[in-house]
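Colleague: File entry-v4.csv below, CSV, C-alpha atoms:
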```csv
chain,number,residue,atom,x,y,z
P,530,MET,CA,-5.9,11.0,-24.1
P,531,ASN,CA,-7.4,14.0,-22.4
P,532,SER,CA,-6.1,16.0,-19.4
P,533,ILE,CA,-5.5,14.0,-16.3
P,534,ALA,CA,-5.2,15.3,-12.7
P,535,PHE,CA,-3.7,13.6,-9.7
P,536,PHE,CA,-4.9,14.4,-6.2
P,537,TYR,CA,-3.1,13.4,-3.0
P,538,PRO,CA,-2.2,16.4,-0.8
P,539,SER,CA,0.5,15.3,1.6
P,540,HIS,CA,3.8,16.2,3.2
P,541,LEU,CA,4.6,12.6,3.9
P,542,TYR,CA,7.0,10.5,1.9
P,543,GLY,CA,5.2,7.1,1.6
P,544,GLY,CA,4.1,4.5,-0.8
P,545,ALA,CA,1.0,6.3,-2.1
P,546,GLU,CA,2.9,9.5,-2.8
P,547,LEU,CA,5.6,7.6,-4.7
P,548,LEU,CA,3.1,5.6,-6.7
P,549,LEU,CA,1.0,8.5,-7.9
P,550,SER,CA,4.0,10.6,-8.7
P,551,ARG,CA,5.5,7.8,-10.8
P,552,VAL,CA,2.3,7.3,-12.8
P,553,ALA,CA,2.0,11.1,-13.3
P,554,ILE,CA,5.6,11.3,-14.6
P,555,ILE,CA,5.2,8.3,-16.9
P,556,LEU,CA,2.0,9.6,-18.5
P,557,SER,CA,3.4,13.1,-18.9
P,558,ARG,CA,6.4,11.7,-20.7
P,559,LYS,CA,4.0,9.8,-23.0
P,560,GLY,CA,2.5,13.1,-24.0
P,561,CYS,CA,-0.5,13.4,-21.7
P,562,LYS,CA,-1.5,16.8,-20.2
P,563,ILE,CA,-0.9,16.2,-16.5
P,564,THR,CA,-1.9,18.4,-13.5
P,565,VAL,CA,-1.0,17.6,-9.8
P,566,ILE,CA,-3.3,19.1,-7.2
P,567,ASP,CA,-1.3,19.3,-3.9
P,568,VAL,CA,-0.9,21.1,-0.7
P,569,ASP,CA,1.8,23.9,-0.6
P,570,ASN,CA,5.2,22.3,-0.5
P,571,GLY,CA,3.7,18.9,-0.9
P,572,THR,CA,5.6,15.7,-1.6
P,573,ILE,CA,4.2,14.8,-5.0
P,574,SER,CA,4.7,18.4,-6.3
P,575,LYS,CA,8.3,18.2,-5.2
P,576,ILE,CA,8.9,14.9,-6.9
P,577,VAL,CA,7.4,16.1,-10.2
P,578,GLU,CA,8.6,19.7,-10.1
P,579,HIS,CA,11.2,19.2,-12.9
P,580,GLU,CA,8.7,17.5,-15.2
P,581,ASN,CA,6.3,19.0,-17.8
P,582,ILE,CA,3.5,18.9,-15.2
P,583,LYS,CA,1.2,21.7,-14.0
P,584,ILE,CA,1.2,22.0,-10.2
P,585,VAL,CA,-1.9,23.5,-8.6
P,586,LYS,CA,-1.4,24.4,-4.9
P,587,SER,CA,-4.6,24.1,-2.9
P,588,GLU,CA,-5.7,24.4,0.7
P,589,LYS,CA,-8.2,22.3,2.6
P,590,TYR,CA,-11.6,24.0,3.1
P,591,SER,CA,-10.6,26.6,0.4
P,592,PRO,CA,-11.5,24.7,-2.7
P,593,GLN,CA,-10.6,26.1,-6.1
P,594,GLU,CA,-11.8,25.3,-9.6
P,595,VAL,CA,-9.4,23.1,-11.5
P,596,ASP,CA,-10.0,22.0,-15.1
P,597,PHE,CA,-9.4,18.4,-16.0
P,598,ASP,CA,-11.1,15.5,-17.8
P,599,ILE,CA,-10.3,12.8,-15.3
P,600,LEU,CA,-9.0,12.7,-11.7
P,601,ILE,CA,-6.9,9.8,-10.3
P,602,THR,CA,-6.6,9.5,-6.5
P,603,THR,CA,-6.5,6.8,-3.8
P,604,ALA,CA,-9.8,5.3,-2.7
P,605,ASN,CA,-9.6,6.9,0.8
P,606,LYS,CA,-10.0,10.4,-0.7
P,607,TYR,CA,-13.6,9.7,-1.8
P,608,SER,CA,-14.9,12.6,0.3
P,609,ASP,CA,-11.9,14.8,0.9
P,610,ILE,CA,-11.7,15.8,-2.8
P,611,PHE,CA,-14.5,18.3,-2.4
P,612,ASN,CA,-12.7,20.1,0.4
P,613,TRP,CA,-9.9,21.0,-2.0
P,614,ILE,CA,-11.3,21.0,-5.5
P,615,LEU,CA,-14.3,22.5,-7.4
P,616,PRO,CA,-14.4,20.2,-10.4
P,617,THR,CA,-16.1,21.0,-13.6
P,618,LYS,CA,-19.4,19.2,-14.2
P,619,ASN,CA,-18.0,16.7,-16.8
P,620,SER,CA,-15.0,15.7,-14.8
P,621,ARG,CA,-14.6,11.9,-14.2
P,622,VAL,CA,-12.7,10.2,-11.4
P,623,ILE,CA,-10.9,6.9,-10.7
P,624,PHE,CA,-10.5,5.7,-7.1
P,625,TRP,CA,-7.5,3.4,-6.7
P,626,SER,CA,-7.6,1.3,-3.6
P,627,VAL,CA,-3.9,0.9,-2.6
P,628,HIS,CA,-4.4,-0.5,0.9
P,629,VAL,CA,-6.7,-3.1,2.4
P,630,TYR,CA,-8.2,-0.5,4.7
P,631,ASN,CA,-8.5,2.3,2.1
P,632,MET,CA,-12.3,2.2,2.1
P,633,TYR,CA,-12.9,1.5,5.8
P,634,ILE,CA,-14.5,4.3,7.8
P,635,PHE,CA,-13.4,2.8,11.1
P,636,SER,CA,-9.9,3.3,12.5
P,637,GLU,CA,-7.8,0.4,13.6
P,638,ARG,CA,-7.4,1.0,17.3
P,639,PHE,CA,-6.0,-1.1,20.2
P,640,ILE,CA,-4.1,-3.2,17.8
P,641,LYS,CA,-2.3,-5.1,20.6
P,642,PHE,CA,-5.8,-6.0,22.1
P,643,PRO,CA,-7.9,-7.6,19.4
P,644,VAL,CA,-10.9,-8.2,21.6
P,645,LEU,CA,-11.0,-4.5,22.7
P,646,SER,CA,-10.5,-3.5,19.1
P,647,LYS,CA,-13.5,-5.6,18.0
P,648,ILE,CA,-15.7,-4.1,20.7
P,649,TYR,CA,-14.6,-0.6,19.7
P,650,ASN,CA,-15.3,-1.1,16.0
P,651,ASN,CA,-18.7,-2.8,16.7
P,652,PHE,CA,-19.6,0.2,18.8
P,653,LEU,CA,-18.7,2.5,15.9
P,654,ARG,CA,-20.7,0.5,13.5
P,655,LYS,CA,-23.8,1.1,15.5
P,656,ILE,CA,-23.1,4.8,16.0
P,657,LEU,CA,-22.1,5.4,12.4
P,658,LEU,CA,-24.5,3.1,10.8
P,659,LEU,CA,-25.7,5.8,8.3
P,660,ASP,CA,-22.1,6.5,7.3
P,661,TRP,CA,-21.5,2.8,6.8
P,662,LYS,CA,-24.6,2.6,4.5
P,663,LEU,CA,-23.5,5.7,2.6
P,664,MET,CA,-20.1,4.2,2.1
P,665,LYS,CA,-21.7,1.0,0.7
P,666,GLU,CA,-23.8,3.2,-1.6
P,667,ARG,CA,-20.6,5.0,-2.8
P,668,ILE,CA,-18.8,1.7,-3.5
P,669,GLU,CA,-21.7,0.4,-5.5
P,670,LEU,CA,-21.8,3.5,-7.6
P,671,PHE,CA,-18.0,3.5,-8.1
P,672,ASN,CA,-18.1,-0.1,-9.1
P,673,ARG,CA,-21.0,0.2,-11.4
P,674,LYS,CA,-19.5,3.2,-13.2
P,675,LYS,CA,-16.0,1.6,-13.6
P,676,GLY,CA,-14.4,4.1,-11.3
P,677,LEU,CA,-13.0,1.7,-8.6
P,678,TYR,CA,-9.8,-0.2,-9.1
P,679,CYS,CA,-7.9,-2.3,-6.5
P,680,MET,CA,-4.2,-2.9,-6.3
P,681,ASP,CA,-4.8,-6.6,-5.6
P,682,SER,CA,-7.2,-9.3,-4.6
P,683,ALA,CA,-6.6,-8.7,-0.9
P,684,SER,CA,-7.8,-5.1,-1.2
P,685,ARG,CA,-10.9,-6.1,-3.2
P,686,LEU,CA,-11.8,-8.9,-0.8
P,687,SER,CA,-11.5,-6.6,2.2
P,688,ILE,CA,-14.0,-4.2,0.7
P,689,GLU,CA,-16.4,-7.1,-0.1
P,690,LYS,CA,-16.1,-8.5,3.4
P,691,GLU,CA,-16.6,-5.1,5.2
P,692,TYR,CA,-19.6,-4.0,3.1
P,693,LYS,CA,-21.1,-7.4,2.3
P,694,LEU,CA,-21.2,-6.9,-1.4
P,695,LYS,CA,-19.5,-8.1,-4.6
P,696,ILE,CA,-17.3,-5.8,-6.8
P,697,ASN,CA,-15.7,-6.3,-10.1
P,698,GLU,CA,-12.2,-7.8,-10.3
P,699,ASN,CA,-10.7,-4.6,-11.8
P,700,TYR,CA,-7.1,-4.3,-10.8
P,701,ILE,CA,-4.3,-1.8,-11.3
P,702,PRO,CA,-1.3,-3.4,-9.6
P,703,VAL,CA,1.4,-1.4,-8.0
P,704,PHE,CA,4.8,-1.4,-9.5
P,705,THR,CA,8.5,-0.6,-8.8
P,706,ASP,CA,10.6,2.1,-10.3
P,707,GLY,CA,12.0,-0.3,-12.9
P,708,LYS,CA,15.7,0.4,-12.2
P,709,LYS,CA,17.9,-2.5,-13.1
P,710,LEU,CA,20.5,-3.9,-10.7
P,711,GLU,CA,22.4,-7.1,-10.9
P,712,TYR,CA,21.8,-9.6,-8.1
P,713,ARG,CA,24.8,-11.6,-6.7
P,714,THR,CA,24.4,-15.4,-6.6
P,715,PHE,CA,23.8,-17.0,-3.2
P,716,ASP,CA,27.1,-18.1,-1.7
P,717,ASN,CA,26.8,-21.8,-0.9
P,718,SER,CA,30.3,-21.9,0.5
P,719,SER,CA,29.3,-19.5,3.4
P,720,ASP,CA,27.6,-20.9,6.4
P,721,LYS,CA,26.0,-17.6,7.3
P,722,ILE,CA,22.6,-16.7,5.9
P,723,GLU,CA,21.9,-13.0,5.5
P,724,VAL,CA,18.2,-12.6,6.1
P,725,PHE,CA,16.7,-9.1,5.3
P,726,PHE,CA,13.5,-7.4,6.2
P,727,LEU,CA,12.4,-4.2,4.4
P,728,SER,CA,9.5,-2.6,6.2
P,729,ARG,CA,7.9,0.3,8.0
P,730,LEU,CA,8.1,-0.7,11.7
P,731,SER,CA,4.6,0.0,12.8
P,732,ASP,CA,1.0,-1.4,13.0
P,733,CYS,CA,0.5,-4.6,10.9
P,734,LYS,CA,4.1,-4.8,9.7
P,735,VAL,CA,5.8,-5.8,12.9
P,736,PRO,CA,4.0,-8.9,14.1
P,737,PRO,CA,5.1,-10.9,11.0
P,738,ILE,CA,8.7,-9.8,11.5
P,739,MET,CA,8.6,-11.0,15.1
P,740,TYR,CA,7.0,-14.3,14.1
P,741,THR,CA,9.6,-14.9,11.3
P,742,CYS,CA,12.5,-14.1,13.7
P,743,LYS,CA,11.0,-16.5,16.2
P,744,GLU,CA,11.0,-19.3,13.6
P,745,LEU,CA,14.5,-18.4,12.6
P,746,SER,CA,15.7,-18.6,16.2
P,747,LYS,CA,14.5,-22.2,16.4
P,748,LEU,CA,17.0,-23.3,13.8
P,749,ASN,CA,20.5,-24.4,14.5
P,750,GLN,CA,22.0,-22.2,11.7
P,751,ASN,CA,24.2,-19.2,11.4
P,752,ILE,CA,21.7,-16.5,10.6
P,753,LYS,CA,22.0,-12.8,10.7
P,754,VAL,CA,18.8,-10.6,10.7
P,755,ASN,CA,19.1,-7.3,8.9
P,756,ILE,CA,16.2,-4.8,9.0
P,757,ILE,CA,15.8,-1.7,6.8
P,758,GLY,CA,13.2,0.6,8.0
P,759,ASP,CA,12.0,2.5,11.1
P,760,GLY,CA,8.8,3.3,12.9
P,761,VAL,CA,7.0,3.7,16.2
P,762,LEU,CA,7.5,0.0,17.1
P,763,PHE,CA,11.2,0.0,16.6
P,764,ASP,CA,12.1,-0.4,20.3
P,765,ASP,CA,9.6,-3.2,20.8
P,766,LEU,CA,10.9,-5.1,17.8
P,767,LYS,CA,14.6,-4.6,18.8
P,768,LYS,CA,13.9,-5.8,22.3
P,769,TYR,CA,12.0,-8.8,21.0
P,770,ILE,CA,14.8,-9.9,18.6
P,771,SER,CA,17.4,-9.4,21.3
P,772,SER,CA,15.5,-11.8,23.5
P,773,LEU,CA,15.8,-14.4,20.8
P,774,GLU,CA,19.6,-14.0,20.8
P,775,LEU,CA,19.8,-13.6,17.1
P,776,ASP,CA,22.6,-11.7,15.4
P,777,MET,CA,20.9,-8.5,14.1
P,778,GLU,CA,21.6,-5.2,12.4
P,779,PHE,CA,19.3,-2.2,12.0
P,780,TYR,CA,19.8,0.2,9.1
P,781,GLY,CA,17.0,2.6,9.7
P,782,VAL,CA,15.3,4.4,6.8
P,783,MET,CA,17.2,4.5,3.6
P,784,PRO,CA,16.5,6.1,0.2
P,785,SER,CA,15.1,3.5,-2.2
P,786,HIS,CA,18.2,3.2,-4.4
P,787,GLU,CA,20.5,2.8,-1.4
P,788,ALA,CA,18.2,0.1,0.1
P,789,LYS,CA,18.2,-1.8,-3.2
P,790,GLU,CA,22.0,-1.5,-3.5
P,791,LEU,CA,22.4,-2.9,0.0
P,792,LEU,CA,20.0,-5.8,-0.8
P,793,VAL,CA,22.0,-6.6,-3.9
P,794,ARG,CA,25.3,-6.6,-2.0
P,795,LYS,CA,24.2,-8.6,1.0
P,796,ALA,CA,20.8,-10.2,0.9
P,797,ASP,CA,20.4,-14.0,0.6
P,798,ILE,CA,16.7,-13.8,1.2
P,799,LEU,CA,14.1,-11.1,1.8
P,800,PHE,CA,11.0,-11.3,3.9
P,801,ALA,CA,8.6,-8.4,3.1
P,802,ASN,CA,5.0,-7.4,2.9
P,803,GLY,CA,3.4,-5.1,0.3
P,804,THR,CA,5.4,-3.1,-2.2
P,805,SER,CA,8.6,-3.8,-0.3
P,806,ALA,CA,8.4,-7.4,-1.5
P,807,LEU,CA,8.4,-6.1,-5.1
P,808,ASP,CA,11.7,-4.4,-4.5
P,809,GLY,CA,13.3,-7.7,-3.7
P,810,ALA,CA,11.6,-9.7,-6.5
P,811,SER,CA,12.6,-7.1,-9.1
P,812,LEU,CA,16.2,-7.7,-8.2
P,813,ALA,CA,15.8,-11.5,-8.5
P,814,ILE,CA,16.3,-11.8,-4.7
P,815,PRO,CA,14.5,-14.9,-3.3
P,816,THR,CA,11.5,-13.1,-1.7
P,817,VAL,CA,9.1,-14.5,0.8
P,818,ASN,CA,5.9,-12.4,0.8
P,819,ILE,CA,4.7,-12.3,4.4
P,820,ASP,CA,1.2,-11.3,5.5
P,821,GLY,CA,0.4,-8.3,7.7
P,822,CYS,CA,-1.2,-8.8,11.1
P,823,LEU,CA,-2.6,-6.4,13.7
P,824,SER,CA,-2.4,-8.9,16.7
P,825,ASP,CA,-0.9,-12.3,17.4
P,826,TYR,CA,0.4,-14.2,14.4
P,827,PRO,CA,-1.2,-17.6,13.8
P,828,GLU,CA,0.9,-20.5,15.1
P,829,ASN,CA,2.2,-22.9,12.5
P,830,TYR,CA,2.0,-20.1,9.8
P,831,ARG,CA,3.2,-21.3,6.4
P,832,PHE,CA,5.4,-19.0,4.4
P,833,ILE,CA,5.1,-18.5,0.6
P,834,TRP,CA,7.3,-17.2,-2.1
P,835,ILE,CA,6.0,-14.1,-3.9
P,836,PHE,CA,5.6,-16.1,-7.1
P,837,GLN,CA,3.0,-18.2,-5.4
P,838,ARG,CA,0.7,-15.2,-5.0
P,839,GLU,CA,-2.4,-14.7,-7.2
P,840,GLY,CA,-4.6,-11.7,-8.1
P,841,TYR,CA,-1.6,-9.3,-7.8
P,842,SER,CA,-1.6,-9.9,-4.1
P,843,LEU,CA,1.3,-8.6,-2.0
P,844,GLY,CA,0.0,-10.0,1.2
P,845,ASP,CA,-3.2,-10.2,3.2
P,846,ILE,CA,-4.1,-8.9,6.7
P,847,ILE,CA,-4.5,-12.0,8.9
P,848,ASP,CA,-5.1,-12.9,12.5
P,849,LYS,CA,-4.3,-15.8,14.8
P,850,ASP,CA,-7.5,-17.7,13.5
P,851,SER,CA,-6.8,-17.2,9.8
P,852,LEU,CA,-6.5,-20.3,7.5
P,853,LEU,CA,-3.0,-21.2,6.6
P,854,HIS,CA,-1.6,-21.1,3.1
P,855,SER,CA,-2.3,-24.5,1.6
P,856,LEU,CA,0.9,-24.2,-0.6
P,857,GLY,CA,3.0,-22.7,2.2
P,858,HIS,CA,6.3,-23.9,3.6
P,859,THR,CA,7.8,-24.2,7.0
P,860,MET,CA,10.9,-22.1,7.8
P,861,PRO,CA,13.2,-25.2,7.6
P,862,SER,CA,11.8,-25.9,4.1
P,863,ILE,CA,12.2,-22.3,3.0
P,864,LEU,CA,15.9,-22.2,4.0
P,865,SER,CA,16.5,-25.7,2.5
P,866,GLN,CA,15.0,-24.5,-0.9
P,867,LEU,CA,17.2,-21.4,-0.6
P,868,LYS,CA,20.3,-23.5,-0.1
P,869,GLU,CA,19.6,-25.8,-3.0
P,870,ASN,CA,17.9,-23.6,-5.6
P,871,SER,CA,18.7,-19.9,-4.8
P,872,ALA,CA,19.2,-18.7,-8.3
P,873,GLU,CA,16.2,-20.5,-9.7
P,874,ILE,CA,13.9,-19.1,-6.9
P,875,GLY,CA,15.3,-15.6,-7.5
P,876,GLU,CA,14.5,-15.9,-11.2
P,877,ARG,CA,11.0,-17.1,-10.5
P,878,CYS,CA,10.5,-14.1,-8.2
P,879,LYS,CA,11.7,-11.7,-10.9
P,880,LYS,CA,9.6,-13.4,-13.5
P,881,HIS,CA,6.5,-12.9,-11.3
P,882,HIS,CA,7.4,-9.3,-10.8
P,883,ASP,CA,8.0,-8.6,-14.5
P,884,GLU,CA,4.7,-10.3,-15.6
P,885,ASN,CA,2.5,-8.8,-12.9
P,886,HIS,CA,4.0,-5.7,-11.5
P,887,SER,CA,6.1,-4.1,-14.2
P,888,ILE,CA,5.7,-0.5,-15.2
P,889,GLU,CA,4.3,-1.5,-18.6
P,890,THR,CA,1.7,-3.8,-17.0
P,891,ALA,CA,0.5,-1.1,-14.6
P,892,ILE,CA,0.5,1.8,-17.0
P,893,ASN,CA,-1.4,-0.2,-19.6
P,894,LYS,CA,-4.1,-0.9,-17.0
P,895,VAL,CA,-4.2,2.8,-16.0
P,896,GLU,CA,-4.7,3.9,-19.6
P,897,LYS,CA,-7.5,1.3,-20.1
P,898,ALA,CA,-9.2,2.4,-16.9
P,899,ILE,CA,-9.1,6.1,-18.1
P,900,LEU,CA,-10.8,5.1,-21.3
P,901,ASP,CA,-13.4,2.8,-19.6
P,902,CYS,CA,-14.3,5.1,-16.6
P,903,GLU,CA,-17.9,6.4,-16.5
P,904,LEU,CA,-17.8,7.8,-12.9
P,905,TYR,CA,-18.4,11.5,-12.8
P,906,LEU,CA,-17.5,13.6,-9.8
P,907,LYS,CA,-20.9,15.3,-9.8
P,908,ASP,CA,-22.5,11.9,-9.0
P,909,VAL,CA,-19.9,11.3,-6.3
P,910,LYS,CA,-20.8,14.6,-4.7
P,911,LYS,CA,-24.5,13.8,-4.6
P,912,ILE,CA,-23.7,11.1,-2.1
P,913,ASP,CA,-21.1,13.2,-0.3
P,914,ASP,CA,-23.7,16.0,0.2
P,915,LYS,CA,-26.0,13.7,2.2
P,916,ILE,CA,-25.9,14.4,5.9
P,917,SER,CA,-24.3,11.9,8.3
P,918,LEU,CA,-22.3,12.1,11.5
P,919,LEU,CA,-19.0,12.0,9.8
P,920,LYS,CA,-20.1,14.7,7.3
P,921,SER,CA,-21.3,16.8,10.2
P,922,TRP,CA,-18.0,16.4,11.9
P,923,ASP,CA,-16.2,17.5,8.8
P,924,LEU,CA,-18.4,20.5,8.4
P,925,PHE,CA,-17.6,21.4,12.0
P,926,LYS,CA,-13.9,21.2,11.4
P,927,LYS,CA,-14.3,23.3,8.2
P,928,TYR,CA,-16.1,26.2,9.9
P,929,LYS,CA,-13.9,26.0,13.0
P,930,ASP,CA,-10.9,26.4,10.7
P,931,GLN,CA,-12.4,29.4,9.0
P,932,ILE,CA,-13.2,31.1,12.3
P,933,ILE,CA,-9.6,30.6,13.4
P,934,LYS,CA,-8.4,32.2,10.2
P,935,ILE,CA,-10.7,35.2,10.7
P,936,ASN,CA,-9.5,35.8,14.3
P,937,ARG,CA,-5.8,35.7,13.4
```
What does this structure look like when you write it as structure tokens?

Modeller:
Amino acid sequence: MNSIAFFYPSHLYGGAELLLSRVAIILSRKGCKITVIDVDNGTISKIVEHENIKIVKSEKYSPQEVDFDILITTANKYSDIFNWILPTKNSRVIFWSVHVYNMYIFSERFIKFPVLSKIYNNFLRKILLLDWKLMKERIELFNRKKGLYCMDSASRLSIEKEYKLKINENYIPVFTDGKKLEYRTFDNSSDKIEVFFLSRLSDCKVPPIMYTCKELSKLNQNIKVNIIGDGVLFDDLKKYISSLELDMEFYGVMPSHEAKELLVRKADILFANGTSALDGASLAIPTVNIDGCLSDYPENYRFIWIFQREGYSLGDIIDKDSLLHSLGHTMPSILSQLKENSAEIGERCKKHHDENHSIETAINKVEKAILDCELYLKDVKKIDDKISLLKSWDLFKKYKDQIIKINR
């Protein structure tokens, strides 16, 4: 396999940074020649610094030539690449959509006011119509040349819905770190149920937590709510759960291994969205995969176990008018199943993880994607060079940045 570069310049410590760094490390240990292109003191370069991986430090709007055969990055970096890199003419690229909004050009605004948000985005669609058409042109090229892969069916369907087209069902599922921990058996003798949430406390992650807690509060059972995570909506969430008079404990942000050890020690059931749900399933913890939501959650929402998901899905983005899961369960049903068949449910969650989201499954798909890819960066740049409002704005920022540097 030829030289492979990974591009995701960031100082944040999030899911995309962890995912790309893990793939880079695994491929490096399998003998591939790996390069990481990162910002100075970037997250991925820190994670891989002790590996046999070349680190190229770059700076936005000061692109440098980097030699590689194929580049792997997330789908939202489709244009930003050329602000950092001057690729050789025969370099290929794989865009990995790891979020349902990775290929949206419109920001999600006014998330607590869905009507206002819809008006805002409809206004942007008219103003940025050319950008929308160029994005559709990009996606069609990426798809045709086998350079676009989605993490799950939810990500693929969001692209199809936004741009009114069909794309191939090419998936590279996300995966966990593969560390093994033993799960404790559900204690049927205890009357307390330890319910856990593992989540970033912001945007689409908080409404499902609120709804789940509301459903738990309706039950005449001894339930404790435990939340691992933090975010801008922490205060709102804490205030809401307090109003439900549920016993609760917040643990804040924890390193991944500490969070997993806590889940193993205490969790009877985990409610989670996205990759957090995989952490629970990999430990054979009964895991309910909840859907994200940017506004009010649909009434009478039905919960589903992670093993009921298809297409590598780790949750959709829904709204109050979304159709309910046909195979879903009410909260009383979920807890009844937990009480009766905890071990069996946990094993089914783990089996689903191992068959769909193991390291081996994901890396095999990455390696096949590298061999199949026919998308060249030179062709991507032809679209990127076309003038549009967003392109003009990016050029303005570029030259403003250069003027500031000169005047320092």

Colleague: In Å, how far is it from CA of Gly544 in chain P to CA of Lys589 in chain P?

Modeller: 21.9 Å

Colleague: Could you jot down the CA of Phe800 in chain P to CA of Ala545 in chain P separation for me, Å, one decimal place?

Modeller: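 According to the coordinates, CA of Phe800 in chain P and CA of Ala545 in chain P are separated by 21.1 Å.
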
Colleague: Between P:Ser682, P:Thr572, P:Ser746, P:Ser785, single out the one closest to Gly758 in chain P, counting only C-alpha atoms.

Modeller: P:Ser785

Colleague: Looking at P:Asp797, P:Glu876, P:Asp598, P:Asp825, which one is nearest to Leu906 in chain P, with distances taken over only C-alpha atoms?

Modeller: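 Going through P:Asp797, P:Glu876, P:Asp598, P:Asp825 one by one, the smallest distance to Leu906 in chain P is for P:Asp598.
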
Colleague: Give as a list in words each residue that has an atom at most 9 Å from (8.1, -13.3, 8.2) in the file, counting all atoms listed in the file.

Modeller: Phe726, Pro736, Pro737, Ile738, Met739, Tyr740, Thr741, Cys742, Glu744, Phe800, Ala801, Asn802, Val817, Asn818, Ile819, Asp820 and Phe832 of chain P

Colleague: Enter the distance from CA of Ile582 in chain P to CA of Ala553 in chain P, in Å, rounded to one decimal.

Modeller: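 According to the coordinates, CA of Ile582 in chain P and CA of Ala553 in chain P are separated by 8.2 Å.
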
Colleague: When you count only C-alpha atoms, which of these residues is closest to Lys907 in chain P: P:Ala788, P:Val622, P:Ala796, P:Ile634?

Modeller: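 Selected residue with least distance to Lys907 in chain P: P:Val622.
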
Colleague: Tell me which of P:Ser772, P:Asn755, P:Asn570, P:Asn749 sits closest to Ser728 in chain P, counting only C-alpha atoms.

Modeller: P:Asn755

Colleague: Give me the residues within 7 Å of Leu807 in chain P as a count of residues only, counting all atoms listed in the file and dropping any in the same chain fewer than 3 places off.

Modeller: 5

Colleague: Could you check the closest approach to Lys849 in chain P for each of P:Pro861, P:Phe725, P:Lys789, P:Glu828 and tell me which residue wins, using all atoms listed in the file?

Modeller: P:Glu828

Colleague: Taking only C-alpha atoms into account, which of P:Ile701, P:Cys733, P:Leu864, P:Val565 comes nearest Asn751 in chain P?

Modeller: P:Leu864

Colleague: Pick out the residues sitting within 8 Å of Glu669 in chain P, and hand them over as a PyMOL selection string; count all atoms listed in the file, and ignore anything fewer than 4 positions along from it in its own chain.

Modeller: chain P and resi 665+673+696
